[in-house]
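The structure appears right after this line, and notes come after that.
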Amino acid sequence: MKIEMQNKERAEELLELINKGSYFSKLKPVPKEINSYTIPLKVSSYNELNLMVSDLLKASIILLNPDANGLSSFTKDNNVNVMTLLEIALQLLPEDEMELLDDLCKVSLEC
């Protein structure tokens with residue numbers, strides 16, 4: 001009985017942690033689709049979006065083709081802006097959820 005009470009108290013504490021913050025805000029549910037989400041990606045213009053996608057494609061081509069020293073046969077600009085790729089990765093990180101994991105760790109594992 002004592003263990004059940006401790007588990008119930010711990011579960012209530014975990015629920016309180018989850019409900020007090022604005023967690024799980026990175027993924028936005030797609031209406032009328034099961035297990036489908038969107039992720040907001042901030043861009044300042046269509047040109048910036050085009051450059052982001054272009055850099056992703058260029059990096060992918062270079063990585064998939066070990067013989068390619070560049071993209072001269074594919075495009076006139078074969079430079080990949082790694083900063084753009086890193087900015088995309090930063091925007092995709094679920095920061096709020098990481099805070100929740102820290103809080104959960106403190107409660108459940110006593111980190």
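Residue numbering restarts at 1 in every chain; chains get A, B, ... in the order shown in the structure tokens, and ligands count up from 1 in that same order.
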
Identify, with DSSP run on backbone atoms, the residues in chain A assigned to alpha helix (DSSP H), and express the list as a PyMOL selection string. chain A and resi 2-20+46-64+82-92+95-104

note - atom CA of Val43 of chain A and atom CA of Leu57 of chain A are separated by 17.4 Å

Residue set, segment 19-83 of chain A restricted to strand (DSSP E), as a ChimeraX atom specification: /A:28-29,37-38

May I have the residues within 10 Å of segment 85-88 of chain A as a PyMOL selection string, using only C-alpha atoms and disregarding those fewer than 3 positions away in the same chain? chain A and resi 41-43+52-53+55-56+59+80-82+91-93

For the residues in that selection, give me N, CA and C atoms as a short mmCIF file (atom, residue, chain, number, x, y, z; two decimals), in the first residue's frame.
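The resulting file, part.cif, is shown below:
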data_model
loop_
_atom_site.label_atom_id
_atom_site.label_comp_id
_atom_site.auth_asym_id
_atom_site.auth_seq_id
_atom_site.Cartn_x
_atom_site.Cartn_y
_atom_site.Cartn_z
N LEU A 41 9.31 26.57 -39.24
CA LEU A 41 10.66 26.94 -39.65
C LEU A 41 10.61 28.39 -40.09
N LYS A 42 11.29 29.26 -39.37
CA LYS A 42 11.21 30.69 -39.64
C LYS A 42 12.17 31.09 -40.75
N VAL A 43 11.65 31.80 -41.72
CA VAL A 43 12.46 32.34 -42.81
C VAL A 43 12.02 33.78 -43.04
N MET A 52 18.05 27.92 -48.34
CA MET A 52 18.09 26.82 -47.37
C MET A 52 17.93 25.47 -48.07
N VAL A 53 16.90 25.37 -48.87
CA VAL A 53 16.64 24.11 -49.58
C VAL A 53 17.79 23.79 -50.52
N ASP A 55 20.96 24.65 -50.22
CA ASP A 55 22.11 24.18 -49.44
C ASP A 55 21.91 22.74 -48.95
N LEU A 56 20.69 22.41 -48.55
CA LEU A 56 20.41 21.03 -48.14
C LEU A 56 20.62 20.06 -49.30
N ALA A 59 24.47 19.81 -50.20
CA ALA A 59 25.18 18.99 -49.22
C ALA A 59 24.86 17.52 -49.40
N VAL A 80 28.43 25.26 -50.46
CA VAL A 80 27.37 24.92 -49.52
C VAL A 80 27.54 25.82 -48.30
N ASN A 81 26.49 26.55 -47.97
CA ASN A 81 26.54 27.41 -46.80
C ASN A 81 26.19 26.57 -45.57
N VAL A 82 27.19 26.10 -44.88
CA VAL A 82 27.00 25.24 -43.71
C VAL A 82 26.24 25.98 -42.62
N GLN A 91 16.72 25.55 -35.29
CA GLN A 91 15.29 25.82 -35.24
C GLN A 91 14.47 24.55 -34.97
N LEU A 92 15.02 23.41 -35.33
CA LEU A 92 14.29 22.16 -35.15
C LEU A 92 14.45 21.56 -33.76
N LEU A 93 15.42 22.02 -32.99
CA LEU A 93 15.62 21.47 -31.64
C LEU A 93 14.44 21.81 -30.73
#

Computed interatomic separation between atom CA of Asn7 of chain A and atom CA of Glu97 of chain A (Å): 23.1 Å

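Of note, atom CA of Thr84 of chain A and atom CA of Val30 of chain A are spaced 26.4 Å apart.
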
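The protein and nucleic acid residues lying at most 12 Å from Glu95 of chain A are Ser22, Tyr23, Phe24, Ser25, Lys26, Leu27, Ala89, Leu90, Gln91, Leu92, Leu93, Glu97, Met98, Glu99, Leu100, Leu101 and Asp102 of chain A, with only C-alpha atoms considered and sequence neighbours fewer than 2 positions away removed.
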
Show which residues sit within 12 Å of Glu16 of chain A, as a PDB file with N, CA and C atoms, in the first residue's frame. Count only C-alpha atoms, and ignore same-chain residues fewer than 5 positions away.
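Writing done, so here's around10.pdb:
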ATOM      1  N   GLU A   9       1.744   9.611  -5.747  1.00  0.00           N
ATOM      2  CA  GLU A   9       2.260  10.957  -5.471  1.00  0.00           C
ATOM      3  C   GLU A   9       3.279  11.372  -6.539  1.00  0.00           C
ATOM      4  N   ARG A  10       4.128  10.469  -6.907  1.00  0.00           N
ATOM      5  CA  ARG A  10       5.139  10.756  -7.938  1.00  0.00           C
ATOM      6  C   ARG A  10       4.484  11.031  -9.293  1.00  0.00           C
ATOM      7  N   ALA A  11       3.456  10.255  -9.619  1.00  0.00           N
ATOM      8  CA  ALA A  11       2.735  10.462 -10.884  1.00  0.00           C
ATOM      9  C   ALA A  11       2.054  11.825 -10.878  1.00  0.00           C
ATOM     10  N   GLY A  21       4.216  24.021 -17.535  1.00  0.00           N
ATOM     11  CA  GLY A  21       4.999  24.675 -18.580  1.00  0.00           C
ATOM     12  C   GLY A  21       4.314  24.621 -19.932  1.00  0.00           C
ATOM     13  N   SER A  22       4.953  25.252 -20.877  1.00  0.00           N
ATOM     14  CA  SER A  22       4.431  25.219 -22.250  1.00  0.00           C
ATOM     15  C   SER A  22       5.238  24.205 -23.055  1.00  0.00           C
ATOM     16  N   TYR A  23       5.184  22.985 -22.604  1.00  0.00           N
ATOM     17  CA  TYR A  23       5.944  21.922 -23.234  1.00  0.00           C
ATOM     18  C   TYR A  23       5.197  21.347 -24.430  1.00  0.00           C
ATOM     19  N   LEU A 100      11.671  20.111 -19.900  1.00  0.00           N
ATOM     20  CA  LEU A 100      10.791  19.142 -19.249  1.00  0.00           C
ATOM     21  C   LEU A 100      11.570  17.884 -18.885  1.00  0.00           C
ATOM     22  N   ASP A 103      13.449  18.483 -15.779  1.00  0.00           N
ATOM     23  CA  ASP A 103      12.563  18.471 -14.612  1.00  0.00           C
ATOM     24  C   ASP A 103      12.138  17.049 -14.269  1.00  0.00           C
ATOM     25  N   LEU A 104      11.803  16.260 -15.275  1.00  0.00           N
ATOM     26  CA  LEU A 104      11.408  14.873 -15.034  1.00  0.00           C
ATOM     27  C   LEU A 104      12.553  14.058 -14.448  1.00  0.00           C
ATOM     28  N   VAL A 107      12.839  14.735 -10.762  1.00  0.00           N
ATOM     29  CA  VAL A 107      11.792  14.120  -9.987  1.00  0.00           C
ATOM     30  C   VAL A 107      11.944  12.597  -9.922  1.00  0.00           C
TER      31      VAL A 107
END
